[in-house]
Every structure is written in structure tokens, then in C-alpha cells.
file target31.txt (compact mmCIF, C-alpha atoms)
# COMPACT_ATOMS: atom_id res chain seq x y z
CA MET A 1 10.89 -21.05 -19.19
CA LEU A 2 14.06 -20.96 -17.12
CA LYS A 3 13.71 -19.78 -13.57
CA PRO A 4 15.89 -16.82 -12.47
CA VAL A 5 19.17 -17.94 -10.98
CA HIS A 6 19.39 -17.07 -7.28
CA ILE A 7 22.27 -14.71 -6.60
CA LEU A 8 23.13 -16.63 -3.45
CA GLY A 9 22.82 -20.10 -4.98
CA ALA A 10 25.52 -22.25 -6.50
CA PHE A 11 26.86 -20.54 -9.59
CA ALA A 12 26.33 -22.80 -12.58
CA VAL A 13 28.60 -20.96 -15.00
CA SER A 14 32.31 -20.63 -14.46
CA LEU A 15 33.96 -18.01 -16.66
CA ALA A 16 37.52 -16.76 -16.72
CA LEU A 17 37.54 -12.99 -16.66
CA THR A 18 40.47 -10.81 -17.57
CA GLY A 19 41.03 -8.15 -14.91
CA THR A 20 41.38 -4.60 -16.09
CA ALA A 21 42.71 -1.51 -14.37
CA ARG A 22 40.09 0.49 -12.51
CA ALA A 23 39.56 4.18 -13.08
CA GLU A 24 39.94 6.47 -10.11
CA ASP A 25 36.28 7.49 -10.26
CA PRO A 26 34.10 4.69 -11.66
CA THR A 27 30.91 5.67 -13.47
CA ALA A 28 27.83 3.79 -14.62
CA ASP A 29 29.68 3.14 -17.89
CA THR A 30 32.69 1.55 -16.20
CA ILE A 31 33.11 -1.97 -17.59
CA VAL A 32 33.43 -4.57 -14.83
CA ALA A 33 33.44 -7.73 -16.97
CA THR A 34 32.95 -9.09 -20.47
CA VAL A 35 31.28 -12.36 -21.41
CA ASN A 36 32.04 -13.56 -24.94
CA GLY A 37 32.54 -9.93 -25.90
CA THR A 38 29.39 -8.62 -24.20
CA GLU A 39 30.17 -5.83 -21.75
CA ILE A 40 28.81 -5.71 -18.21
CA THR A 41 28.99 -2.27 -16.64
CA LEU A 42 28.88 -0.95 -13.13
CA GLY A 43 25.54 0.61 -14.09
CA HIS A 44 24.09 -2.82 -14.79
CA MET A 45 25.12 -3.92 -11.31
CA ILE A 46 23.73 -0.84 -9.58
CA ALA A 47 20.40 -1.18 -11.42
CA LEU A 48 20.12 -4.83 -10.39
CA ARG A 49 20.93 -4.04 -6.76
CA ASP A 50 18.38 -1.23 -6.72
CA ASN A 51 15.61 -3.74 -7.48
CA LEU A 52 16.63 -6.49 -5.05
CA PRO A 53 14.32 -7.48 -2.17
CA ALA A 54 15.24 -5.84 1.14
CA GLN A 55 16.66 -9.01 2.69
CA TYR A 56 19.51 -9.13 0.18
CA LEU A 57 20.53 -5.57 0.99
CA GLN A 58 21.47 -6.71 4.50
CA LEU A 59 24.43 -8.63 3.06
CA ASP A 60 27.88 -7.09 3.38
CA ASP A 61 29.02 -5.03 0.38
CA LYS A 62 31.64 -7.52 -0.87
CA THR A 63 29.29 -10.52 -0.79
CA LEU A 64 26.55 -8.57 -2.55
CA PHE A 65 28.95 -7.13 -5.15
CA ASP A 66 30.34 -10.55 -6.03
CA GLY A 67 26.90 -12.16 -6.06
CA ILE A 68 25.42 -9.51 -8.34
CA LEU A 69 28.35 -9.69 -10.77
CA ASP A 70 28.16 -13.48 -10.95
CA GLN A 71 24.40 -13.26 -11.41
CA ILE A 72 24.71 -10.94 -14.40
CA ILE A 73 27.48 -13.08 -15.91
CA GLN A 74 25.17 -16.08 -15.78
CA GLN A 75 22.29 -14.09 -17.23
CA VAL A 76 24.40 -12.88 -20.16
CA SER A 77 25.54 -16.43 -20.91
CA LEU A 78 22.09 -17.98 -20.61
CA SER A 79 20.23 -15.21 -22.43
CA ALA A 80 22.68 -15.34 -25.33
CA GLU A 81 21.80 -19.01 -25.80
CA ALA A 82 18.06 -18.30 -25.63
CA GLU A 83 18.26 -15.44 -28.13
CA THR A 84 19.31 -17.85 -30.86
CA ASN A 85 15.93 -19.59 -30.66
CA LEU A 86 13.34 -17.12 -29.36
CA ARG A 87 9.76 -18.39 -29.50
CA LYS A 88 6.78 -16.19 -30.29
CA ARG A 89 5.78 -16.40 -26.61
CA ASP A 90 9.22 -15.12 -25.54
CA THR A 91 9.16 -12.18 -27.94
CA LEU A 92 5.66 -11.14 -26.89
CA VAL A 93 6.45 -11.37 -23.16
CA LEU A 94 9.60 -9.28 -23.64
CA GLU A 95 7.63 -6.65 -25.55
CA ASN A 96 4.93 -6.54 -22.86
CA ASN A 97 7.53 -6.29 -20.08
CA ARG A 98 9.32 -3.45 -21.85
CA ARG A 99 6.09 -1.51 -22.34
CA SER A 100 5.07 -2.10 -18.73
CA TYR A 101 8.41 -0.94 -17.40
CA LEU A 102 8.53 2.21 -19.53
CA ALA A 103 4.92 3.08 -18.63
CA ALA A 104 5.82 2.71 -14.96
CA VAL A 105 8.83 5.00 -15.45
CA THR A 106 6.57 7.68 -16.92
CA LEU A 107 4.06 7.39 -14.08
CA ASP A 108 6.77 7.33 -11.40
CA GLU A 109 8.31 10.52 -12.79
CA THR A 110 4.85 12.09 -12.99
CA ALA A 111 4.12 11.19 -9.37
CA LYS A 112 7.46 12.53 -8.12
CA ALA A 113 7.08 15.81 -9.97
CA ALA A 114 3.58 16.28 -8.53
CA VAL A 115 4.76 16.71 -4.92
CA THR A 116 6.38 19.95 -3.78
CA GLU A 117 6.28 21.75 -0.46
CA GLU A 118 4.29 24.54 -2.10
CA LYS A 119 1.65 22.15 -3.44
CA ILE A 120 1.40 20.30 -0.12
CA ALA A 121 0.97 23.60 1.76
CA ALA A 122 -1.69 24.80 -0.69
CA LEU A 123 -3.64 21.55 -0.44
CA PHE A 124 -3.35 21.60 3.35
CA ASP A 125 -4.82 25.10 3.47
CA GLU A 126 -7.62 24.02 1.13
CA ARG A 127 -8.47 20.96 3.22
CA TYR A 128 -7.92 22.15 6.77
CA ALA A 129 -7.33 25.90 7.17
CA SER A 130 -11.01 26.85 7.34
CA GLN A 131 -12.23 23.54 8.72
CA GLU A 132 -14.04 23.72 12.03
CA PRO A 133 -12.45 21.38 14.58
CA GLY A 134 -14.49 18.25 15.10
CA LYS A 135 -15.59 16.78 18.40
CA GLU A 136 -14.32 13.84 20.36
CA TYR A 137 -16.34 11.89 22.89
CA SER A 138 -15.47 9.96 26.04
CA ALA A 139 -18.06 7.30 26.78
CA ALA A 140 -18.69 3.97 28.44
CA HIS A 141 -21.19 1.27 27.58
CA ILE A 142 -22.76 -1.95 28.73
CA LEU A 143 -23.40 -4.45 25.94
CA VAL A 144 -25.98 -7.22 26.34
CA GLU A 145 -27.74 -9.61 23.97
CA THR A 146 -31.41 -8.65 24.34
CA GLU A 147 -33.50 -5.51 24.62
CA ASP A 148 -35.13 -6.80 27.80
CA GLU A 149 -31.73 -7.14 29.48
CA ALA A 150 -30.83 -3.63 28.38
CA LYS A 151 -34.09 -2.18 29.71
CA ALA A 152 -33.61 -3.93 33.06
CA LEU A 153 -30.07 -2.52 33.36
CA LYS A 154 -31.24 0.98 32.48
CA ALA A 155 -33.88 0.77 35.21
CA GLU A 156 -31.27 -0.34 37.76
CA ILE A 157 -28.92 2.50 36.81
CA ASP A 158 -31.76 5.03 36.93
CA GLY A 159 -32.48 3.67 40.39
CA GLY A 160 -28.96 4.42 41.59
CA ALA A 161 -26.88 1.36 40.58
CA ASP A 162 -23.27 2.12 39.72
CA PHE A 163 -22.77 2.12 35.93
CA ALA A 164 -19.17 0.90 36.04
CA ALA A 165 -19.98 -1.93 38.41
CA LYS A 166 -22.87 -3.08 36.23
CA ALA A 167 -20.64 -2.92 33.14
CA THR A 168 -18.02 -5.10 34.82
CA GLU A 169 -20.68 -7.56 35.93
CA LYS A 170 -23.00 -7.73 32.92
CA SER A 171 -21.37 -6.45 29.73
CA THR A 172 -20.56 -9.01 27.05
CA ASP A 173 -17.87 -6.67 25.71
CA ARG A 174 -15.24 -8.12 27.99
CA GLY A 175 -12.54 -5.78 26.69
CA SER A 176 -14.25 -2.67 28.03
CA ALA A 177 -16.04 -4.43 30.89
CA ALA A 178 -12.76 -4.78 32.78
CA ALA A 179 -12.53 -0.97 32.74
CA GLY A 180 -16.10 -0.42 33.88
CA GLY A 181 -17.32 -0.17 30.28
CA ASP A 182 -14.95 2.70 29.46
CA LEU A 183 -14.27 3.12 25.71
CA GLY A 184 -11.86 6.05 25.98
CA TRP A 185 -11.93 8.94 23.53
CA PHE A 186 -13.21 8.52 19.98
CA GLY A 187 -14.21 10.73 17.08
CA VAL A 188 -16.94 10.68 14.47
CA GLY A 189 -16.70 7.64 12.22
CA MET A 190 -14.97 5.41 14.75
CA MET A 191 -18.08 3.73 16.16
CA VAL A 192 -20.96 1.95 14.44
CA LYS A 193 -23.66 4.35 13.25
CA PRO A 194 -26.47 3.64 15.78
CA PHE A 195 -23.98 3.97 18.65
CA GLU A 196 -22.45 7.15 17.20
CA ASP A 197 -25.86 8.75 16.56
CA ALA A 198 -26.92 8.09 20.16
CA VAL A 199 -23.69 9.56 21.57
CA ILE A 200 -23.91 12.73 19.45
CA ALA A 201 -27.44 13.35 20.68
CA MET A 202 -26.48 13.01 24.38
CA GLU A 203 -25.24 15.47 26.99
CA PRO A 204 -22.26 14.71 29.30
CA GLY A 205 -23.37 12.66 32.30
CA GLN A 206 -26.44 11.29 30.52
CA VAL A 207 -27.20 7.56 30.27
CA SER A 208 -29.00 6.45 27.11
CA ASP A 209 -32.00 4.25 26.62
CA PRO A 210 -31.21 0.90 24.99
CA VAL A 211 -29.51 1.29 21.59
CA GLU A 212 -29.38 -1.59 19.12
CA SER A 213 -26.41 -2.27 16.83
CA GLN A 214 -25.15 -5.36 15.02
CA PHE A 215 -23.29 -6.29 18.20
CA GLY A 216 -26.31 -6.33 20.46
CA TRP A 217 -27.98 -3.82 22.81
CA HIS A 218 -26.03 -0.97 24.40
CA ILE A 219 -26.58 1.21 27.42
CA ILE A 220 -24.31 4.21 26.90
CA LYS A 221 -22.97 6.74 29.36
CA LEU A 222 -21.45 9.89 27.89
CA ASN A 223 -18.67 11.21 30.10
CA GLU A 224 -17.17 14.22 28.29
CA ILE A 225 -17.05 16.09 24.98
CA ARG A 226 -14.01 17.99 23.71
CA SER A 227 -12.82 19.67 20.51
CA ALA A 228 -10.56 17.46 18.45
CA ALA A 229 -7.05 18.78 17.91
CA ALA A 230 -6.59 20.24 14.43
CA PRO A 231 -4.09 18.22 12.37
CA THR A 232 -0.71 19.76 11.59
CA ILE A 233 0.71 19.65 8.09
CA ASP A 234 3.14 16.93 9.20
CA ASP A 235 0.25 14.82 10.49
CA VAL A 236 -1.31 14.65 7.03
CA ARG A 237 1.75 15.12 4.79
CA ASP A 238 1.71 11.55 3.45
CA GLU A 239 -2.03 11.70 2.84
CA LEU A 240 -1.72 14.99 0.94
CA ALA A 241 1.27 13.74 -1.08
CA GLY A 242 -0.67 10.63 -2.04
CA GLU A 243 -3.61 12.75 -3.16
CA LEU A 244 -1.37 14.98 -5.28
CA GLN A 245 0.34 11.98 -6.85
CA GLY A 246 -2.91 10.18 -7.56
CA ALA A 247 -4.41 13.24 -9.26
CA ALA A 248 -1.27 13.82 -11.33
CA VAL A 249 -1.09 10.19 -12.47
CA GLU A 250 -4.78 10.16 -13.39
CA GLU A 251 -4.35 13.40 -15.36
CA LYS A 252 -1.26 12.04 -17.15
CA VAL A 253 -3.00 8.82 -18.17
CA LYS A 254 -5.97 10.76 -19.50
CA ALA A 255 -3.79 13.24 -21.36
CA VAL A 256 -1.69 10.66 -23.19
CA SER A 257 -4.75 8.50 -23.89
CA ASP A 258 -6.69 11.42 -25.31
CA ALA A 259 -3.72 12.47 -27.47
CA ALA A 260 -3.10 8.99 -28.89
CA GLU A 261 -4.53 7.97 -32.25
CA VAL A 262 -6.23 4.70 -31.32
CA GLU A 263 -7.97 2.39 -33.77
CA LYS A 264 -9.43 -0.80 -32.31
CA MET A 265 -9.90 -3.73 -34.68
CA VAL A 266 -11.56 -6.34 -32.50
CA GLU A 267 -14.85 -6.77 -34.33
CA GLY A 268 -15.73 -10.44 -34.56
CA ILE A 269 -13.10 -11.60 -32.06
CA ASP A 270 -14.48 -13.72 -29.22
CA PRO A 271 -13.11 -12.35 -25.90
CA ALA A 272 -12.73 -15.93 -24.67
CA ILE A 273 -9.88 -16.42 -27.14
CA LEU A 274 -7.51 -14.89 -24.56
CA LYS A 275 -7.65 -18.25 -22.76
CA ASN A 276 -6.13 -19.98 -25.77
CA THR A 277 -2.44 -19.95 -24.87
CA GLU A 278 -1.72 -22.50 -27.61
CA LEU A 279 -1.69 -19.59 -30.06
CA LEU A 280 1.58 -18.45 -28.48
CA ASP A 281 3.26 -21.68 -29.49
CA ASN A 282 2.40 -21.44 -33.19
call {"tool": "encode", "arguments": {"input": "target31.txt", "output": "C-alpha cells"}}
result
Amino acid sequence: MLKPVHILGAFAVSLALTGTARAEDPTADTIVATVNGTEITLGHMIALRDNLPAQYLQLDDKTLFDGILDQIIQQVSLSAEAETNLRKRDTLVLENNRRSYLAAVTLDETAKAAVTEEKIAALFDERYASQEPGKEYSAAHILVETEDEAKALKAEIDGGADFAAKATEKSTDRGSAAAGGDLGWFGVGMMVKPFEDAVIAMEPGQVSDPVESQFGWHIIKLNEIRSAAAPTIDDVRDELAGELQGAAVEEKVKAVSDAAEVEKMVEGIDPAILKNTELLDN
């Protein structure tokens, strides 16, 4: 198979093009070149540009215009030669690519149509309007390797030792140790389960007994509890849009699949035959 010709590479095909007068207001059907009688339109160029990787779009307009036009000219010339001797593999790949593209068009249109301000607002109300605000916790901890170390630290703190000083001195969590063990504010689901369960059961100012997690043994000090701020619709807009799109796409796939008359004729075919690419060359 031929590799795609890079639009910025050396152009392998040199063709003499006859210039034609430009219309005042070009359209997608405006012809920009012909190659052996095959027309290339402005629409072809726009469609190619629309699918280029982002780095190419940083080029100046003239360079990109010329590169895209030359790229399509080469493609027309090379594809015309290939079309005279298409192999079975080529025909099947083209058919698969066409189906894949058209299926993606259908799903893209379905996803776009699924998102409106009204639907986002309705889903926001459903998800968040009656939801009780959650809680956030401010805590510090001292992390050590063994239960005996944790018990000894708890005894020292109960005896009047400064929690922050002990965290700085003893904690193996060096990130928080530098701040006296302070972990800042966090909500439910942000800490490992044993740690979270211990924090939820505590009162502000309380220091926990040793708590084991996969990281080791913790002594936890709960500083404060506050109500988490309720999200605004803008905070969760992308999340809600994604949910609407996902549901619409799933519904569309099911609807067209259910409506299709499908007859599978695979009885007696070994699934491993898909590995036999030699069949494509017959």
C-alpha cells in the first residue's frame, strides 16, 4: 500500500494547470483545478483542511492552501492509477472505510442534536436541585509503617505532644509532613476507604486511634467539617452534555439495530479464520 503523501513534503507530481477566472463569491462547488479531466473543488480542499492535525493549522493561509491543493492533485493522479488495478483487499478496505465514516456521521449528528440548553437544565435539576450538599473535611495525619509505631505516637499526642511537630518528625508521607501533616480540604471519595471511614466517624479536634490502609498506619486529626459548595450548571455542563450524548448515541444504535433485518450465516466458520489475511489476496 502507498503511504499518504505529506502535504509539506517534496511534491512528486508536477502538473500544468490552466488558471480560470474566479467567481466573486466562491462556493464548495467552485472548481480550483482539474487533473486529466477530474475536477477538484474548493469543497474538497475545505474538507481536507478540516481533518488535518492541529499542527498544520498553525501554517499561514497561503502555505496551507497551496499545500492542500498540491496534496489533492497528487492524490487524484495516484488514485487514478490504482483504480485501474484494484485488488480485493483494496475494495474491501474502501468499503469498510466508507461504512465507518458514514456510521460516524450518523452518530455525530445524533450526539449534537441531543444537547440543548433545555435538556441540560432539565438534567441538572434532576441530578442536583434536590441533592443535599455533601460535606468536606479538613484533616492532618501522621503515616508510619507499623501499628506499634502508630500506637506509640498516639500515646505521645494524648500525653500532650504537638501533633504537627510529630507529623513533621515522624510521618513517612513527606509531602504532608512538611506542613505538619496537613492534608487540606477533601470530600467523600477522595481518600482511601479506611481513612475516609475514620474521618467521617470523628468530631472536629479529635485524634483517631491507629487506622490501617494500604499505605501503612495513620494517626488522623480532624480539624474542621464544612458543607461542600453546590455545583453550578456551568460547573457540570460538560459532564451533563456528555451524559446526554452518550444516552442518545446508545439509543440510536439500539433503534437502528432493532429495526434492521439481520440474518447471520456463520455456522461452521472457525472464528480463527479472521487471522488468515491471505484470503484477501486471492
call {"tool": "residues_near_point", "arguments": {"input": "target31.txt", "point": "(-31.6, -1.0, 21.9)", "cutoff": "10 Å", "atoms": "all atoms listed in the file", "output": "MDAnalysis selection string"}}
result
chainID A and resid 143:151 194:195 208:213 216:219
call {"tool": "atom_distance", "arguments": {"input": "target31.txt", "atom1": "atom CA of Ala82 of chain A", "atom2": "atom CA of Leu94 of chain A"}}
result
12.5 Å
call {"tool": "closest_residue", "arguments": {"input": "target31.txt", "among": "A:Val115, A:Val253, A:Ile120, A:Ala272", "to": "Asp235 of chain A", "atoms": "all atoms listed in the file"}}
result
A:Ile120
call {"tool": "closest_residue", "arguments": {"input": "target31.txt", "among": "A:Arg49, A:Lys135, A:Lys112, A:Lys88", "to": "Ile225 of chain A", "atoms": "all atoms listed in the file"}}
result
A:Lys135
call {"tool": "atom_distance", "arguments": {"input": "target31.txt", "atom1": "atom CA of Leu42 of chain A", "atom2": "atom CA of Ser79 of chain A"}}
result
19.1 Å
call {"tool": "closest_residue", "arguments": {"input": "target31.txt", "among": "A:Gln58, A:Asn51, A:Ser227, A:Thr38", "to": "Glu132 of chain A", "atoms": "all atoms listed in the file"}}
result
A:Ser227
call {"tool": "atom_distance", "arguments": {"input": "target31.txt", "atom1": "atom CA of Glu156 of chain A", "atom2": "atom CA of Gly184 of chain A"}}
result
23.6 Å
call {"tool": "closest_residue", "arguments": {"input": "target31.txt", "among": "A:Val192, A:Tyr137, A:Asp197, A:Asp108", "to": "Ala228 of chain A", "atoms": "all atoms listed in the file"}}
result
A:Tyr137
